[in-house]
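A.B. asks: The file below is target.cif, mmCIF, C-alpha atoms:
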data_entry
loop_
_atom_site.group_PDB
_atom_site.id
_atom_site.type_symbol
_atom_site.label_atom_id
_atom_site.label_comp_id
_atom_site.auth_asym_id
_atom_site.auth_seq_id
_atom_site.Cartn_x
_atom_site.Cartn_y
_atom_site.Cartn_z
ATOM 1 C CA MET A 1 0.000 0.000 0.000
ATOM 2 C CA SER A 2 1.379 3.425 -0.859
ATOM 3 C CA TYR A 3 0.728 6.664 0.966
ATOM 4 C CA PRO A 4 0.881 10.222 -0.337
ATOM 5 C CA GLU A 5 4.165 11.980 0.316
ATOM 6 C CA ASP A 6 2.491 15.241 1.330
ATOM 7 C CA LEU A 7 0.527 14.162 4.427
ATOM 8 C CA VAL A 8 -0.582 17.157 6.464
ATOM 9 C CA TYR A 9 -1.122 16.870 10.215
ATOM 10 C CA PRO A 10 -2.335 19.666 12.474
ATOM 11 C CA GLU A 11 0.333 21.812 14.098
ATOM 12 C CA PRO A 12 1.760 20.229 17.270
ATOM 13 C CA ARG A 13 0.109 21.382 20.488
ATOM 14 C CA TYR A 14 2.442 19.571 22.849
ATOM 15 C CA ASP A 15 6.116 20.435 22.843
ATOM 16 C CA GLY A 16 7.441 18.015 25.458
ATOM 17 C CA ASP A 17 9.938 15.270 24.704
ATOM 18 C CA LYS A 18 8.725 12.450 26.966
ATOM 19 C CA GLY A 19 4.930 12.633 27.044
ATOM 20 C CA GLU A 20 2.796 13.022 30.141
ATOM 21 C CA VAL A 21 0.716 10.875 32.429
ATOM 22 C CA ASN A 22 -2.662 12.527 31.897
ATOM 23 C CA ALA A 23 -5.126 9.940 30.558
ATOM 24 C CA VAL A 24 -8.550 9.689 32.189
ATOM 25 C CA PHE A 25 -10.227 6.291 32.689
ATOM 26 C CA ARG A 26 -13.993 6.024 33.230
ATOM 27 C CA PRO A 27 -15.208 2.540 34.178
ATOM 28 C CA ALA A 28 -18.303 1.204 32.426
ATOM 29 C CA THR A 29 -19.923 0.837 35.852
ATOM 30 C CA THR A 30 -19.940 4.618 36.397
ATOM 31 C CA PRO A 31 -23.564 5.694 36.942
ATOM 32 C CA ALA A 32 -25.278 7.927 34.384
ATOM 33 C CA ASP A 33 -24.845 11.656 34.917
ATOM 34 C CA ILE A 34 -28.514 12.331 34.068
ATOM 35 C CA SER A 35 -31.442 9.931 34.349
ATOM 36 C CA SER A 36 -35.115 10.397 33.543
ATOM 37 C CA PRO A 37 -38.031 8.206 32.476
ATOM 38 C CA GLY A 38 -36.986 8.919 28.847
ATOM 39 C CA GLY A 39 -33.458 7.617 29.283
ATOM 40 C CA SER A 40 -30.031 8.481 30.626
ATOM 41 C CA THR A 41 -26.874 10.286 29.552
ATOM 42 C CA HIS A 42 -23.294 9.467 30.500
ATOM 43 C CA TYR A 43 -20.766 12.305 30.187
ATOM 44 C CA LEU A 44 -17.821 10.328 28.824
ATOM 45 C CA ALA A 45 -15.774 13.383 27.809
ATOM 46 C CA THR A 46 -17.005 16.942 28.184
ATOM 47 C CA ASN A 47 -15.955 20.246 26.681
ATOM 48 C CA THR A 48 -14.184 20.965 29.973
ATOM 49 C CA SER A 49 -12.383 17.630 30.247
ATOM 50 C CA THR A 50 -11.131 17.758 26.613
ATOM 51 C CA GLY A 51 -10.126 21.409 26.611
ATOM 52 C CA GLY A 52 -12.843 22.156 24.070
ATOM 53 C CA GLU A 53 -11.704 19.580 21.512
ATOM 54 C CA TYR A 54 -14.918 17.549 21.598
ATOM 55 C CA GLY A 55 -17.811 16.314 23.727
ATOM 56 C CA PHE A 56 -18.529 12.579 23.864
ATOM 57 C CA TYR A 57 -21.654 11.100 25.446
ATOM 58 C CA LYS A 58 -23.361 7.731 25.810
ATOM 59 C CA VAL A 59 -27.113 8.147 25.532
ATOM 60 C CA ASP A 60 -29.633 5.468 26.438
ATOM 61 C CA LEU A 61 -33.164 6.135 25.216
ATOM 62 C CA ALA A 62 -36.204 4.369 26.584
ATOM 63 C CA ALA A 63 -38.814 2.799 24.311
ATOM 64 C CA ARG A 64 -40.770 5.449 22.400
ATOM 65 C CA ALA A 65 -38.466 8.270 23.610
ATOM 66 C CA ALA A 66 -38.989 11.501 21.672
ATOM 67 C CA GLY A 67 -35.302 12.355 21.138
ATOM 68 C CA ALA A 68 -34.772 15.614 19.226
ATOM 69 C CA LYS A 69 -36.825 17.099 16.388
ATOM 70 C CA PRO A 70 -35.020 18.366 13.275
ATOM 71 C CA HIS A 71 -32.425 21.006 14.118
ATOM 72 C CA PHE A 72 -28.913 22.149 13.213
ATOM 73 C CA HIS A 73 -25.824 23.584 14.881
ATOM 74 C CA LYS A 74 -23.841 26.599 13.643
ATOM 75 C CA ALA A 75 -20.683 25.912 15.675
ATOM 76 C CA MET A 76 -20.250 22.133 15.864
ATOM 77 C CA SER A 77 -20.706 18.882 14.017
ATOM 78 C CA GLU A 78 -22.555 15.986 15.619
ATOM 79 C CA SER A 79 -22.084 12.249 15.135
ATOM 80 C CA PHE A 80 -24.190 9.268 16.188
ATOM 81 C CA TYR A 81 -23.041 5.662 16.580
ATOM 82 C CA ILE A 82 -25.675 3.047 17.446
ATOM 83 C CA LEU A 83 -24.523 0.604 20.125
ATOM 84 C CA SER A 84 -27.740 -1.377 20.502
ATOM 85 C CA GLY A 85 -31.372 -1.261 19.481
ATOM 86 C CA GLU A 86 -32.788 0.922 16.727
ATOM 87 C CA LEU A 87 -33.026 4.683 16.316
ATOM 88 C CA GLU A 88 -34.771 6.742 13.690
ATOM 89 C CA LEU A 89 -32.268 9.318 12.421
ATOM 90 C CA TYR A 90 -33.168 12.326 10.295
ATOM 91 C CA ASP A 91 -30.393 13.009 7.787
ATOM 92 C CA GLY A 92 -31.789 16.358 6.650
ATOM 93 C CA ASP A 93 -33.704 14.732 3.806
ATOM 94 C CA LYS A 94 -35.443 11.674 5.235
ATOM 95 C CA TRP A 95 -35.758 9.492 8.322
ATOM 96 C CA VAL A 96 -33.568 6.380 8.217
ATOM 97 C CA THR A 97 -33.411 3.498 10.682
ATOM 98 C CA GLY A 98 -30.086 3.206 12.459
ATOM 99 C CA ARG A 99 -29.188 -0.169 13.939
ATOM 100 C CA GLU A 100 -26.245 -1.567 15.910
ATOM 101 C CA GLY A 101 -23.014 -0.470 14.243
ATOM 102 C CA ASP A 102 -24.605 2.237 12.086
ATOM 103 C CA PHE A 103 -23.074 5.721 12.090
ATOM 104 C CA LEU A 104 -24.381 9.154 11.084
ATOM 105 C CA TYR A 105 -22.069 12.164 10.739
ATOM 106 C CA VAL A 106 -23.732 15.582 10.565
ATOM 107 C CA PRO A 107 -21.431 18.430 9.472
ATOM 108 C CA VAL A 108 -21.836 21.932 10.899
ATOM 109 C CA GLY A 109 -25.144 23.354 9.624
ATOM 110 C CA GLY A 110 -26.604 19.955 8.738
ATOM 111 C CA VAL A 111 -30.250 19.444 9.673
ATOM 112 C CA HIS A 112 -30.731 16.286 11.732
ATOM 113 C CA GLY A 113 -32.913 14.701 14.401
ATOM 114 C CA PHE A 114 -33.474 11.423 16.183
ATOM 115 C CA LYS A 115 -36.180 9.447 17.995
ATOM 116 C CA ASN A 116 -36.798 5.956 19.297
ATOM 117 C CA VAL A 117 -40.043 4.765 17.724
ATOM 118 C CA THR A 118 -39.669 1.162 18.885
ATOM 119 C CA ASP A 119 -40.972 -0.642 21.953
ATOM 120 C CA GLU A 120 -37.390 -1.408 23.020
ATOM 121 C CA PRO A 121 -34.706 0.773 24.616
ATOM 122 C CA MET A 122 -31.640 1.724 22.601
ATOM 123 C CA SER A 123 -28.124 2.996 23.259
ATOM 124 C CA MET A 124 -25.829 5.260 21.233
ATOM 125 C CA LEU A 125 -22.690 7.349 21.357
ATOM 126 C CA MET A 126 -22.895 11.047 20.463
ATOM 127 C CA LEU A 127 -19.872 13.160 19.547
ATOM 128 C CA PHE A 128 -19.866 16.957 19.263
ATOM 129 C CA SER A 129 -16.861 18.647 17.658
ATOM 130 C CA PRO A 130 -15.506 21.008 18.695
ATOM 131 C CA GLY A 131 -16.618 20.569 22.265
ATOM 132 C CA ALA A 132 -19.361 22.739 23.737
ATOM 133 C CA PRO A 133 -20.882 22.946 27.212
ATOM 134 C CA ARG A 134 -23.754 20.583 26.333
ATOM 135 C CA GLU A 135 -24.296 19.392 29.904
ATOM 136 C CA GLU A 136 -26.497 22.372 30.832
ATOM 137 C CA TYR A 137 -28.577 21.699 27.732
ATOM 138 C CA PHE A 138 -29.076 18.017 28.604
ATOM 139 C CA GLU A 139 -29.840 18.814 32.242
ATOM 140 C CA GLN A 140 -32.275 21.697 31.763
ATOM 141 C CA VAL A 141 -34.038 21.350 28.407
ATOM 142 C CA ALA A 142 -37.048 19.471 29.831
ATOM 143 C CA GLU A 143 -37.594 22.098 32.550
ATOM 144 C CA VAL A 144 -37.166 25.015 30.145
ATOM 145 C CA ALA A 145 -39.642 23.405 27.713
ATOM 146 C CA ARG A 146 -42.309 23.587 30.437
ATOM 147 C CA ARG A 147 -41.837 27.374 30.610
ATOM 148 C CA GLY A 148 -43.131 27.958 27.098
ATOM 149 C CA PRO A 149 -42.018 28.117 23.478
ATOM 150 C CA GLU A 150 -40.298 31.524 23.518
ATOM 151 C CA GLU A 151 -38.108 30.694 26.502
ATOM 152 C CA LEU A 152 -37.348 27.273 24.988
ATOM 153 C CA LYS A 153 -36.318 28.887 21.686
ATOM 154 C CA ARG A 154 -33.922 31.295 23.508
ATOM 155 C CA PHE A 155 -32.473 28.383 25.504
ATOM 156 C CA ARG A 156 -31.938 26.307 22.373
ATOM 157 C CA VAL A 157 -30.196 29.152 20.519
ATOM 158 C CA ARG A 158 -27.996 29.812 23.584
ATOM 159 C CA HIS A 159 -26.888 26.186 23.186
ATOM 160 C CA ASP A 160 -26.278 26.322 19.410
ATOM 161 C CA SER A 161 -29.425 24.294 18.696
ATOM 162 C CA TYR A 162 -31.531 25.818 15.929
ATOM 163 C CA PHE A 163 -34.731 23.797 15.747
ATOM 164 C CA VAL A 164 -36.495 24.012 12.394
ATOM 165 C CA GLU A 165 -39.879 24.418 14.122
ATOM 166 C CA ASP A 166 -38.622 27.560 15.921
ATOM 167 C CA PHE A 167 -37.944 29.372 12.642
ATOM 168 C CA GLU A 168 -40.859 28.308 10.463
ATOM 169 C CA ASP A 169 -43.134 31.076 9.200
#
Would you mind writing the structure in this file as structure tokens?

C.D. replies:
Amino acid sequence: MSYPEDLVYPEPRYDGDKGEVNAVFRPATTPADISSPGGSTHYLATNTSTGGEYGFYKVDLAARAAGAKPHFHKAMSESFYILSGELELYDGDKWVTGREGDFLYVPVGGVHGFKNVTDEPMSMLMLFSPGAPREEYFEQVAEVARRGPEELKRFRVRHDSYFVEDFED
């Protein structure tokens, strides 16, 4: 196999000669950071813990969990990897069924959504890049939604979540 001679890597961000001991291990038995009747979210790597490089979450959705209606982000991409079960994923054009091992990458600005329409729970990994402080969004969106549509819209925009329904005429 041949490789191009002009490979381009990002500029180095570490200038040490020996490396550092700075890895972070999170056992699988660590409890979820957020739990509700609709599912749970595990903060595997947050904006804070990665220095803003990315946010990485394990999300478990209960049967018939609503998920997120079509929306887009102006500052970050989002990726979904299905660990188990099935998840309806909106790719900006149509709803597709994601199953174990399926992956959806949504570039910045790409309309997407997800929902569990089955009678079984499901589990997925979500990656946001670059990282953003998504934890407040996950923790407070249900409460803010109860306060009414205008406050919910402001909250969503504050968290780089532009829901199509918020901007329809």

A.B. asks: Do you know which residues the PyMOL selection byres ((chain A and resi 70) around 8) returns on this file, as a compact mmCIF listing (two decimals) with C-alpha atoms, in the frame of the given file?

C.D. replies:
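Writing done, so here's out33.txt:
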# COMPACT_ATOMS: atom_id res chain seq x y z
CA ALA A 68 -34.77 15.61 19.23
CA LYS A 69 -36.83 17.10 16.39
CA HIS A 71 -32.42 21.01 14.12
CA PHE A 72 -28.91 22.15 13.21
CA TYR A 90 -33.17 12.33 10.30
CA GLY A 92 -31.79 16.36 6.65
CA VAL A 111 -30.25 19.44 9.67
CA HIS A 112 -30.73 16.29 11.73
CA GLY A 113 -32.91 14.70 14.40
CA PHE A 114 -33.47 11.42 16.18
CA PHE A 163 -34.73 23.80 15.75
CA VAL A 164 -36.49 24.01 12.39
CA GLU A 165 -39.88 24.42 14.12

A.B. asks: Which residues come within 12 Å of A:Val24, counting all atoms listed in the file, excluding same-chain residues fewer than 5 positions away, as a list of chain:residue names?

C.D. replies: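 Contacts, with the query itself left out: A:Leu44, A:Ala45, A:Thr46, A:Ser49, A:Thr50.
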
A.B. asks: Write the selection just made, keeping C-alpha atoms, as a JSON list (two decimals), keeping the file's coordinate frame?

C.D. replies:
[["chain", "number", "residue", "atom", "x", "y", "z"],
["A", 44, "LEU", "CA", -17.82, 10.33, 28.82],
["A", 45, "ALA", "CA", -15.77, 13.38, 27.81],
["A", 46, "THR", "CA", -17.00, 16.94, 28.18],
["A", 49, "SER", "CA", -12.38, 17.63, 30.25],
["A", 50, "THR", "CA", -11.13, 17.76, 26.61]]

A.B. asks: Using only C-alpha atoms - which residues lie no farther than 10 Å from the point (-30.6, 14.9, 30.6) in the file's frame? Write them as a CSV table (one decimal) with C-alpha atoms, in the frame of the given file.

C.D. replies:
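Now in point07.csv:
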chain,number,residue,atom,x,y,z
A,32,ALA,CA,-25.3,7.9,34.4
A,33,ASP,CA,-24.8,11.7,34.9
A,34,ILE,CA,-28.5,12.3,34.1
A,35,SER,CA,-31.4,9.9,34.3
A,36,SER,CA,-35.1,10.4,33.5
A,38,GLY,CA,-37.0,8.9,28.8
A,39,GLY,CA,-33.5,7.6,29.3
A,40,SER,CA,-30.0,8.5,30.6
A,41,THR,CA,-26.9,10.3,29.6
A,42,HIS,CA,-23.3,9.5,30.5
A,59,VAL,CA,-27.1,8.1,25.5
A,134,ARG,CA,-23.8,20.6,26.3
A,135,GLU,CA,-24.3,19.4,29.9
A,136,GLU,CA,-26.5,22.4,30.8
A,137,TYR,CA,-28.6,21.7,27.7
A,138,PHE,CA,-29.1,18.0,28.6
A,139,GLU,CA,-29.8,18.8,32.2
A,140,GLN,CA,-32.3,21.7,31.8
A,141,VAL,CA,-34.0,21.4,28.4
A,142,ALA,CA,-37.0,19.5,29.8

A.B. asks: Excluding stretch 166-168 of chain A and residues on its chain fewer than 4 positions from it, collect all residues at most 9 Å away from it, counting only C-alpha atoms, and give them as number ranges by chain.

C.D. replies: A: 149-150, 153, 162

A.B. asks: Determine the nearest neighbour of A:Pro133 from the options A:Met76, A:Leu104, A:Ala145, A:Ala28, counting only C-alpha atoms.

C.D. replies: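 Residue with the minimum atom-to-atom distance to A:Pro133: A:Met76.
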
A.B. asks: Report the distance between atom CA of A:Val108 and atom CA of A:Glu11 in Å, rounded to one decimal place.

C.D. replies: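 Between atom CA of A:Val108 and atom CA of A:Glu11 the gap is 22.4 Å.
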
A.B. asks: Figure out the distance between atom CA of A:Phe80 and atom CA of A:Phe103, please, to one decimal in Å.

C.D. replies: 5.5 Å

A.B. asks: Taking all atoms listed in the file into account, name the residue in A:Met126, A:Val117, A:Ala132, A:Met1 that is nearest to A:His159.

C.D. replies: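 Checking each of A:Met126, A:Val117, A:Ala132, A:Met1 against A:His159, counting all atoms listed in the file, the winner is A:Ala132.
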
A.B. asks: Give me, as a PyMOL selection string, all polymer residues having an atom no more than 10 Å from A:Asp102, counting all atoms listed in the file and skipping those fewer than 4 positions away in the same chain.

C.D. replies: chain A and resi 80-84+86-87+97-98+124

A.B. asks: Residues at most 10 Å from A:Pro37, counting only C-alpha atoms, excluding those fewer than 4 positions away in the same chain, as JSON, numbers by chain?

C.D. replies: {"A": [61, 62, 63, 65]}

A.B. asks: Between A:Val106, A:Ala75, A:Val21, A:Val8, which one has atoms that come closest to A:Ser161, using only C-alpha atoms?

C.D. replies: A:Ala75

A.B. asks: Just the number, please: distance in Å from atom CA of A:Lys18 to atom CA of A:Asn47, one decimal.

C.D. replies: 25.9 Å

A.B. asks: Looking at A:Val144, A:Leu127, A:Ala23, A:Leu152, which one is nearest to A:Ser79, with distances taken over all atoms listed in the file?

C.D. replies: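 Once distances to A:Ser79 are computed over all atoms listed in the file, the minimum belongs to A:Leu127.
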
A.B. asks: Using all atoms listed in the file, find the one residue out of A:Tyr9, A:Phe128, A:Phe155, A:Tyr3 that sits nearest to A:Lys58.

C.D. replies: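 Nearest candidate to A:Lys58 out of A:Tyr9, A:Phe128, A:Phe155, A:Tyr3: A:Phe128.
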
A.B. asks: So that all listed atoms of stretch 26-40 of chain A fit with 4 Å spare on each side, what axis-aligned box centre and edge lengths in Å, to one decimal, would you give as lines of an AutoDock Vina configuration file?

C.D. replies:
center_x = -26.0
center_y = 6.6
center_z = 32.9
size_x = 32.0
size_y = 19.5
size_z = 16.1

A.B. asks: Select, from A:Met122, A:Ser77, A:Gly131, A:Glu20, the residue with the minimum atom-to-atom distance to A:Pro107, counting only C-alpha atoms.

C.D. replies: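 For A:Pro107, the nearest of the candidates is A:Ser77.
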